[in-house]
>>> print(open('protein.txt').read())   # compact mmCIF, C-alpha atoms and all ligand atoms
# COMPACT_ATOMS: atom_id res chain seq x y z
CA MET A 1 188.74 -35.99 113.41
CA LEU A 2 192.44 -35.48 113.89
CA GLN A 3 194.52 -38.60 114.20
CA ASP A 4 197.59 -38.97 116.35
CA PRO A 5 200.45 -38.97 113.78
CA LYS A 6 201.94 -41.99 115.60
CA PHE A 7 199.01 -44.09 114.41
CA ILE A 8 198.94 -42.94 110.80
CA SER A 9 200.48 -45.71 108.73
CA PRO A 10 202.61 -44.80 105.72
CA PRO A 11 200.92 -44.98 102.31
CA LEU A 12 201.00 -48.38 100.67
CA LEU A 13 202.92 -46.89 97.78
CA GLU A 14 204.52 -43.47 97.68
CA ILE A 15 206.39 -42.47 94.54
CA LYS A 16 208.38 -39.25 94.41
CA GLY A 17 210.37 -37.91 91.49
CA LEU A 18 210.70 -41.33 89.87
CA ARG A 19 212.73 -41.32 86.65
CA ALA A 20 213.72 -44.15 84.32
CA SER A 21 215.98 -44.06 81.27
CA PHE A 22 217.17 -46.53 78.66
CA ARG A 23 220.59 -46.53 77.12
CA GLY A 24 220.73 -45.90 73.38
CA SER A 25 223.56 -45.45 70.90
CA ASN A 26 223.67 -41.69 71.62
CA GLY A 27 223.17 -41.65 75.36
CA TYR A 28 220.09 -42.13 77.52
CA GLY A 29 216.45 -41.73 76.55
CA GLU A 30 214.15 -40.85 79.40
CA ALA A 31 210.92 -42.88 79.46
CA VAL A 32 209.71 -41.75 82.89
CA ARG A 33 210.49 -38.15 83.78
CA GLY A 34 209.84 -37.52 87.43
CA ILE A 35 206.47 -38.81 88.56
CA ASP A 36 204.79 -38.48 91.97
CA LEU A 37 202.02 -40.87 93.03
CA THR A 38 200.49 -42.05 96.29
CA LEU A 39 198.29 -45.07 96.91
CA GLN A 40 196.59 -45.83 100.22
CA PRO A 41 195.85 -49.42 101.29
CA GLY A 42 192.69 -50.87 99.74
CA LYS A 43 192.43 -48.11 97.11
CA VAL A 44 192.59 -48.30 93.33
CA LEU A 45 194.86 -45.99 91.34
CA GLY A 46 194.31 -45.94 87.58
CA ILE A 47 197.26 -44.98 85.38
CA VAL A 48 195.98 -43.98 81.96
CA GLY A 49 197.55 -42.83 78.70
CA GLU A 50 198.15 -43.88 75.12
CA SER A 51 200.65 -46.56 74.33
CA GLY A 52 204.22 -45.40 74.91
CA SER A 53 203.43 -42.84 77.60
CA GLY A 54 205.55 -44.55 80.28
CA LYS A 55 202.91 -46.40 82.30
CA SER A 56 204.52 -49.84 82.25
CA VAL A 57 208.07 -48.55 82.53
CA SER A 58 207.24 -46.61 85.69
CA MET A 59 205.92 -49.73 87.43
CA MET A 60 208.66 -52.00 86.04
CA ALA A 61 211.19 -49.43 87.29
CA LEU A 62 210.06 -49.68 90.91
CA LEU A 63 209.87 -53.46 90.69
CA GLN A 64 213.43 -53.49 89.31
CA LEU A 65 212.24 -55.35 86.22
CA LEU A 66 213.78 -53.08 83.58
CA PRO A 67 216.56 -54.44 81.35
CA ALA A 68 220.14 -54.22 82.60
CA GLY A 69 221.70 -50.87 81.80
CA SER A 70 218.54 -48.86 82.46
CA LEU A 71 218.82 -46.06 84.95
CA VAL A 72 216.25 -45.51 87.71
CA THR A 73 216.36 -42.59 90.15
CA GLY A 74 214.00 -40.95 92.60
CA SER A 75 212.01 -42.69 95.27
CA ALA A 76 209.32 -45.37 95.45
CA LYS A 77 208.40 -46.43 98.97
CA PHE A 78 206.32 -49.50 99.61
CA GLY A 79 204.85 -49.40 103.12
CA GLY A 80 207.66 -46.99 103.99
CA ARG A 81 210.46 -49.14 102.52
CA GLU A 82 212.49 -47.67 99.68
CA LEU A 83 212.39 -49.88 96.58
CA VAL A 84 214.70 -47.82 94.38
CA GLY A 85 218.20 -49.15 94.89
CA MET A 86 217.01 -52.00 97.11
CA ALA A 87 219.29 -55.07 97.05
CA PRO A 88 218.18 -57.62 94.41
CA GLY A 89 217.57 -60.34 97.01
CA ASP A 90 215.31 -58.04 99.04
CA ILE A 91 213.23 -56.85 96.09
CA ARG A 92 212.80 -60.47 94.94
CA ARG A 93 211.30 -61.28 98.32
CA ILE A 94 208.80 -58.44 97.97
CA ARG A 95 207.96 -59.06 94.29
CA GLY A 96 205.46 -61.88 93.96
CA LYS A 97 204.84 -61.87 97.68
CA GLN A 98 203.84 -58.47 99.08
CA ILE A 99 203.47 -57.02 95.59
CA GLY A 100 201.62 -59.16 93.03
CA VAL A 101 201.93 -58.38 89.33
CA ILE A 102 199.48 -59.15 86.53
CA PHE A 103 200.61 -58.68 82.96
CA GLN A 104 198.62 -58.03 79.82
CA ASP A 105 199.35 -61.31 78.13
CA PRO A 106 199.15 -64.25 80.52
CA LEU A 107 200.13 -66.67 77.77
CA THR A 108 203.67 -65.32 77.78
CA ALA A 109 203.68 -65.06 81.58
CA PHE A 110 202.91 -68.76 82.01
CA ASN A 111 205.34 -71.50 81.15
CA PRO A 112 203.69 -73.61 78.41
CA VAL A 113 205.16 -76.93 79.58
CA LEU A 114 203.99 -76.77 83.20
CA THR A 115 200.41 -77.09 84.40
CA ILE A 116 198.66 -74.04 85.80
CA GLY A 117 198.55 -75.72 89.22
CA GLU A 118 202.27 -76.48 89.24
CA GLN A 119 203.06 -72.87 88.38
CA ILE A 120 200.86 -71.42 91.10
CA ALA A 121 202.25 -73.94 93.60
CA GLU A 122 205.80 -72.95 92.61
CA ALA A 123 204.97 -69.26 93.09
CA ILE A 124 203.87 -70.12 96.63
CA ARG A 125 206.84 -72.39 97.40
CA LEU A 126 209.29 -69.79 96.10
CA HIS A 127 208.36 -67.57 99.05
CA ASP A 128 207.60 -70.26 101.61
CA ALA A 129 209.81 -73.35 101.54
CA SER A 130 207.74 -75.02 104.27
CA VAL A 131 204.87 -75.56 101.80
CA SER A 132 205.05 -79.03 100.19
CA ARG A 133 204.32 -79.60 96.52
CA LYS A 134 201.05 -81.29 97.42
CA GLN A 135 199.99 -78.45 99.74
CA GLY A 136 200.94 -75.98 97.02
CA LEU A 137 198.69 -77.75 94.53
CA GLU A 138 195.84 -77.78 97.02
CA ARG A 139 196.26 -74.06 97.58
CA ALA A 140 196.35 -73.56 93.80
CA GLU A 141 193.04 -75.36 93.45
CA HIS A 142 191.53 -73.19 96.15
CA LEU A 143 192.90 -70.06 94.48
CA LEU A 144 191.43 -71.04 91.09
CA ASP A 145 188.11 -71.44 92.88
CA SER A 146 188.44 -68.01 94.49
CA VAL A 147 188.90 -66.34 91.09
CA ALA A 148 185.74 -68.14 89.90
CA ILE A 149 187.33 -70.70 87.60
CA PRO A 150 184.78 -73.53 87.27
CA GLN A 151 185.88 -77.08 88.09
CA PRO A 152 189.11 -76.02 89.79
CA ARG A 153 190.07 -79.63 90.58
CA ARG A 154 190.20 -80.47 86.89
CA ARG A 155 191.59 -77.11 85.83
CA VAL A 156 194.53 -77.21 88.23
CA SER A 157 196.21 -79.98 86.22
CA GLN A 158 195.64 -78.41 82.82
CA TYR A 159 198.22 -76.54 80.73
CA PRO A 160 198.00 -72.82 79.86
CA HIS A 161 196.94 -73.52 76.25
CA GLU A 162 193.90 -75.42 77.53
CA PHE A 163 192.57 -72.22 79.12
CA SER A 164 190.63 -69.54 77.20
CA GLY A 165 191.99 -65.97 77.29
CA GLY A 166 189.62 -64.96 80.08
CA MET A 167 190.34 -68.08 82.15
CA ARG A 168 194.08 -67.57 81.69
CA GLN A 169 193.76 -64.02 82.95
CA ARG A 170 191.87 -65.33 85.99
CA ALA A 171 194.61 -67.91 86.59
CA MET A 172 197.18 -65.11 86.32
CA ILE A 173 195.29 -63.18 88.98
CA ALA A 174 195.13 -66.33 91.14
CA MET A 175 198.92 -66.62 90.87
CA ALA A 176 199.38 -62.91 91.64
CA ILE A 177 197.32 -63.18 94.85
CA ALA A 178 198.75 -66.59 95.85
CA ASN A 179 200.97 -65.07 98.54
CA SER A 180 198.38 -62.60 99.86
CA PRO A 181 199.97 -59.40 98.52
CA GLN A 182 199.08 -55.98 99.92
CA LEU A 183 199.55 -54.41 96.51
CA LEU A 184 198.57 -55.67 93.09
CA ILE A 185 199.93 -54.06 89.95
CA ALA A 186 197.74 -54.94 86.97
CA ASP A 187 199.22 -53.84 83.63
CA GLU A 188 196.51 -53.76 80.95
CA PRO A 189 194.86 -56.81 82.51
CA THR A 190 191.85 -56.74 80.21
CA THR A 191 193.25 -55.45 76.93
CA ALA A 192 193.27 -58.76 75.08
CA LEU A 193 189.78 -59.73 76.27
CA ASP A 194 186.33 -59.13 74.85
CA VAL A 195 184.06 -56.66 76.57
CA THR A 196 182.06 -59.17 78.61
CA VAL A 197 185.10 -61.00 79.95
CA GLN A 198 186.78 -57.64 80.55
CA ALA A 199 183.89 -56.62 82.81
CA GLN A 200 184.12 -59.93 84.68
CA ILE A 201 187.85 -59.49 85.31
CA LEU A 202 187.33 -55.92 86.54
CA ASP A 203 184.59 -57.18 88.87
CA LEU A 204 186.93 -59.83 90.16
CA LEU A 205 189.69 -57.28 90.88
CA GLN A 206 187.15 -55.07 92.63
CA ARG A 207 185.99 -58.00 94.76
CA LEU A 208 189.58 -58.83 95.75
CA ARG A 209 190.12 -55.25 96.79
CA GLU A 210 186.98 -55.31 98.92
CA GLU A 211 187.45 -58.77 100.43
CA LEU A 212 191.21 -58.77 100.90
CA GLY A 213 191.86 -55.05 101.23
CA ILE A 214 194.46 -55.18 98.47
CA GLY A 215 195.63 -51.87 96.99
CA LEU A 216 195.52 -51.90 93.20
CA VAL A 217 197.44 -50.05 90.51
CA LEU A 218 195.45 -50.49 87.32
CA ILE A 219 197.33 -49.55 84.16
CA THR A 220 195.31 -49.06 81.00
CA HIS A 221 195.17 -47.10 77.75
CA ASP A 222 191.37 -47.13 78.03
CA LEU A 223 189.67 -44.57 80.28
CA GLY A 224 186.56 -46.75 80.18
CA VAL A 225 188.37 -49.45 82.15
CA VAL A 226 189.15 -47.17 85.08
CA ALA A 227 185.86 -45.25 85.01
CA GLY A 228 184.08 -47.73 87.21
CA SER A 229 187.01 -49.18 89.12
CA ALA A 230 189.48 -46.49 90.19
CA ASP A 231 189.41 -44.07 93.10
CA GLU A 232 192.09 -41.84 91.65
CA ILE A 233 193.45 -41.46 88.14
CA ALA A 234 196.85 -40.34 86.90
CA VAL A 235 196.99 -39.46 83.21
CA MET A 236 200.43 -39.96 81.67
CA TYR A 237 201.88 -38.50 78.51
CA GLY A 238 205.48 -38.44 77.30
CA GLY A 239 206.79 -39.93 80.54
CA ARG A 240 205.10 -37.42 82.82
CA ILE A 241 201.86 -37.23 84.74
CA VAL A 242 199.92 -34.50 83.00
CA GLU A 243 196.82 -34.69 85.18
CA ARG A 244 195.89 -36.33 88.44
CA GLY A 245 192.71 -36.39 90.45
CA GLN A 246 189.73 -38.26 91.79
CA VAL A 247 187.99 -40.30 89.12
CA GLU A 248 184.90 -38.04 88.94
CA ASP A 249 187.06 -34.93 88.69
CA ILE A 250 189.09 -36.38 85.84
CA PHE A 251 185.90 -37.30 83.98
CA TYR A 252 183.77 -34.24 84.66
CA ARG A 253 186.16 -31.48 85.66
CA THR A 254 189.33 -32.18 83.72
CA ARG A 255 191.77 -29.30 83.34
CA HIS A 256 194.03 -30.80 80.70
CA PRO A 257 193.68 -30.85 76.91
CA TYR A 258 195.22 -34.34 76.70
CA THR A 259 192.69 -35.79 79.14
CA ARG A 260 189.96 -34.06 77.16
CA GLY A 261 191.34 -35.69 74.03
CA LEU A 262 191.24 -39.11 75.67
CA LEU A 263 187.66 -38.50 76.81
CA ARG A 264 186.61 -37.44 73.32
CA ALA A 265 188.18 -40.58 71.90
CA MET A 266 186.10 -42.75 74.23
CA PRO A 267 183.28 -44.61 72.56
CA ASN A 268 180.07 -43.07 73.82
CA ILE A 269 177.29 -45.55 74.46
CA GLU A 270 174.62 -43.16 73.24
CA ASP A 271 176.02 -42.42 69.82
CA ASP A 272 177.45 -45.85 68.93
CA GLY A 273 180.91 -44.33 68.63
CA GLU A 274 179.78 -41.98 65.84
CA ASN A 275 181.25 -38.88 67.46
CA LEU A 276 184.44 -40.58 68.46
CA THR A 277 187.31 -38.16 67.85
CA PRO A 278 190.78 -39.63 68.17
CA ILE A 279 193.62 -37.29 69.10
CA GLU A 280 195.49 -36.49 65.90
CA GLY A 281 199.11 -37.53 65.60
CA THR A 282 201.06 -40.01 67.68
CA PRO A 283 202.82 -39.91 71.06
CA PRO A 284 206.51 -38.94 70.92
CA SER A 285 209.38 -41.40 71.04
CA ILE A 286 211.72 -41.12 74.02
CA TRP A 287 214.53 -40.39 71.55
CA ALA A 288 212.83 -37.45 69.85
CA ARG A 289 210.56 -35.82 72.38
CA PRO A 290 209.51 -32.25 71.55
CA GLY A 291 210.74 -29.53 73.91
CA GLY A 292 208.36 -27.54 76.10
CA CYS A 293 205.09 -29.31 76.75
CA ALA A 294 205.57 -32.73 75.12
CA PHE A 295 201.95 -32.65 73.96
CA HIS A 296 202.21 -29.31 72.12
CA PRO A 297 202.51 -30.64 68.52
CA ARG A 298 199.17 -32.41 68.96
CA CYS A 299 197.41 -29.96 71.24
CA VAL A 300 194.49 -27.92 69.87
CA ASN A 301 195.12 -25.30 72.55
CA ALA A 302 198.86 -24.86 72.11
CA GLN A 303 200.32 -21.33 72.21
CA ALA A 304 203.89 -20.12 71.67
CA ILE A 305 204.93 -20.71 75.28
CA CYS A 306 203.97 -24.41 75.00
CA ALA A 307 206.86 -25.08 72.61
CA SER A 308 209.44 -23.63 75.00
CA ASP A 309 208.27 -24.18 78.61
CA ASP A 310 207.33 -27.51 80.13
CA PRO A 311 204.45 -26.83 82.53
CA GLU A 312 204.59 -28.06 86.13
CA LEU A 313 201.88 -30.26 87.59
CA ARG A 314 199.98 -27.89 89.87
CA PRO A 315 196.52 -27.48 91.41
CA ALA A 316 193.90 -26.33 88.94
CA GLN A 317 190.51 -26.36 90.61
CA ALA A 318 189.56 -29.99 91.28
CA THR A 319 192.60 -31.72 89.75
CA LEU A 320 196.35 -31.28 89.41
CA SER A 321 197.15 -30.31 85.84
CA ALA A 322 200.35 -29.75 83.91
CA CYS A 323 199.10 -27.22 81.38
CA HIS A 324 199.98 -23.54 81.03
CA PHE A 325 196.34 -22.79 80.38
CA ALA A 326 194.72 -25.15 82.87
CA ASP A 327 192.65 -22.34 84.40
CA ARG A 328 191.53 -20.92 81.06
CA LEU A 329 190.45 -24.13 79.35
CA PRO A 330 186.69 -23.71 79.72
CA GLN A 331 186.79 -20.60 77.54
CA MET A 332 189.15 -22.18 75.04
CA LEU A 333 187.36 -25.45 74.46
CA ALA A 334 183.91 -26.42 73.38
CA PRO A 335 182.17 -28.75 75.83
CA VAL A 336 183.37 -32.26 75.22
CA LEU A 337 181.10 -34.83 76.68
CA GLU A 338 177.71 -34.62 78.21
CA MET A 339 178.09 -37.27 80.88
CA THR A 340 175.91 -37.50 83.92
CA PRO A 341 177.66 -38.91 86.99
N1 LIG B 401 213.54 -51.78 77.02
C1 LIG B 401 213.32 -50.62 76.43
N2 LIG B 401 214.30 -49.99 75.73
C2 LIG B 401 214.10 -48.78 75.15
N3 LIG B 401 212.94 -48.10 75.21
C3 LIG B 401 211.93 -48.68 75.86
C4 LIG B 401 212.05 -49.95 76.52
N4 LIG B 401 210.86 -50.26 77.11
C5 LIG B 401 210.04 -49.21 76.84
N5 LIG B 401 210.67 -48.28 76.10
C6 LIG B 401 210.09 -46.99 75.64
O1 LIG B 401 209.67 -46.27 76.77
C7 LIG B 401 208.47 -45.56 76.48
C8 LIG B 401 207.42 -45.90 77.51
O2 LIG B 401 207.07 -47.26 77.36
P1 LIG B 401 205.95 -47.96 78.22
O3 LIG B 401 206.07 -47.57 79.64
O4 LIG B 401 206.03 -49.41 77.91
O5 LIG B 401 204.61 -47.35 77.62
P2 LIG B 401 203.12 -47.67 78.03
O6 LIG B 401 202.58 -46.39 78.55
O7 LIG B 401 202.47 -48.07 76.75
O8 LIG B 401 203.13 -48.76 79.03
C9 LIG B 401 208.07 -45.95 75.07
O9 LIG B 401 208.46 -44.91 74.21
C10 LIG B 401 208.85 -47.20 74.80
O10 LIG B 401 209.18 -47.31 73.44
S1 LIG B 402 200.72 -26.62 78.00
FE1 LIG B 402 200.06 -25.95 75.98
S2 LIG B 402 200.48 -27.69 74.61
FE2 LIG B 402 200.56 -28.45 76.71
S3 LIG B 402 198.53 -29.20 77.09
FE3 LIG B 402 198.54 -27.08 77.80
S4 LIG B 402 197.84 -25.85 76.06
FE4 LIG B 402 198.37 -27.88 75.29
MG MG B 403 202.39 -50.74 78.80
>>> encode(input="protein.txt", output="structure tokens", more="lines below")
Ligand SMILES: Nc1ncnc2c1ncn2[C@@H]1O[C@H](COP(=O)(O)OP(=O)(O)O)[C@@H](O)[C@H]1O
Ligand code: SF4
Ligand SMILES: [Mg+2]
Amino acid sequence: MLQDPKFISPPLLEIKGLRASFRGSNGYGEAVRGIDLTLQPGKVLGIVGESGSGKSVSMMALLQLLPAGSLVTGSAKFGGRELVGMAPGDIRRIRGKQIGVIFQDPLTAFNPVLTIGEQIAEAIRLHDASVSRKQGLERAEHLLDSVAIPQPRRRVSQYPHEFSGGMRQRAMIAMAIANSPQLLIADEPTTALDVTVQAQILDLLQRLREELGIGLVLITHDLGVVAGSADEIAVMYGGRIVERGQVEDIFYRTRHPYTRGLLRAMPNIEDDGENLTPIEGTPPSIWARPGGCAFHPRCVNAQAICASDDPELRPAQATLSACHFADRLPQMLAPVLEMTP
């Protein structure tokens, strides 16, 4: 059914040509090299790639959380409002209110000398001065309850070190949703946690998306984390998106050798990780990135052109792929994984 364009709301997040560079002794090093992403309200976008591929920097760039002296260009619109170049006071009002952020290590995100409750209450009062300290603490208790922390009344007056890793991550999520954000950016939210707790946290994020309609950007180096939680996946390498598509298409119909490498490196439940094949080599540094396709020194499919020409991200059957040979991969590669959807 066609919708009247007047009633189509802008995407929750729309990133176009976003670039971010750091200043070094010999000029700038580009960590994010022109990425395009779109997230609709209530959807989950997974950003995946090995460490150093530019996942965190791209989100920190649009939140204006990069160190002074970094350079950010391009566009990142949140509900139609441009974040790149937004005045510091305006972005501060959006950060922590309409956009909640969850970091990998909640121990460093929390202040060790304040109770969990005080910190959540402060996060609320920072954006709404009409909330008293007492009301803030009550809300904090309720929030701890909503992220399934047992005995929230007792927990609210405890310090971060009194929480286990999993409970701290829940408290971090409680703080991130304290001001009812429309968008939650979760950067490796489960990396430090064991598998069981990891599954619980992912369930919790999924529940928040369903109950509150929050859009979620889920950053991870682990494809397994996004397999069950994301709608769409963007695979990053060397500061670019090398493949993008619906989660099933990325898993079963990938058109990029790097994504295939990540899939091969995934522990497979059936073989106890026996056939696990890591991608050889390491991701490039922003100061010494190879020319052409940044993945070419590690790519089993590389040809001469890969060392000289950087491929564009373009449609290749079910996904968008940045590979010169995206359409010819089935002939070039042995089948990787036998996975039934
Ligand atoms: N403050 C910084 N100064 C210089 N380089 C940085 C800085 N932060 C990140 N980088 C570099 O930018 C690249 C992308 O980093 P990042 O986005 O953190 O990767 P990841 O995909 O693991 O989140 C890496 O090569 C990293 O070393
Ligand atoms: S462009 Fe070449 S090096 Fe890059 S992923 Fe494709 S085949 Fe590999
Ligand atoms: Mg990171």
>>> residues_around(input="protein.txt", residues="segment 68-79 of chain A", least_positions_apart="3", cutoff="7 Å", atoms="all atoms listed in the file", output="list in words")
Pro10, Pro11, Leu12, Leu13, Glu14, Ile15, Lys16, Gly17, Leu18, Arg19, Ala20, Ser21, Phe22, Arg23, Ala61, Leu62, Glu82, Leu83 and Val84 of chain A
>>> residues_around(input="protein.txt", residues="Cys293 of chain A", least_positions_apart="6", cutoff="12 Å", atoms="all atoms listed in the file", output="PyMOL selection string")
chain A and resi 237-242+256-258+284+299+301-313+322-325
>>> closest_residue(input="protein.txt", among="A:Ala123, A:Ile99, A:Leu65, A:Ile201", to="ligand LIG 401 (chain B)", atoms="only C-alpha atoms and all ligand atoms")
A:Leu65
>>> axis_aligned_box(input="protein.txt", around="segment 57-65 of chain A", padding_each_side="5 Å", output="JSON")
{"center_x": 209.7, "center_y": -51.0, "center_z": 86.7, "size_x": 17.5, "size_y": 18.7, "size_z": 18.4}
>>> closest_residue(input="protein.txt", among="A:Leu66, A:Ala148, A:Val225, A:Met167", to="Leu204 of chain A", atoms="only C-alpha atoms")
A:Ala148
>>> residues_near_point(input="protein.txt", point="(193.7, -64.9, 80.4)", cutoff="9 Å", atoms="only C-alpha atoms", output="ChimeraX atom specification")
/A:104-107,163-173,189-190,192-193
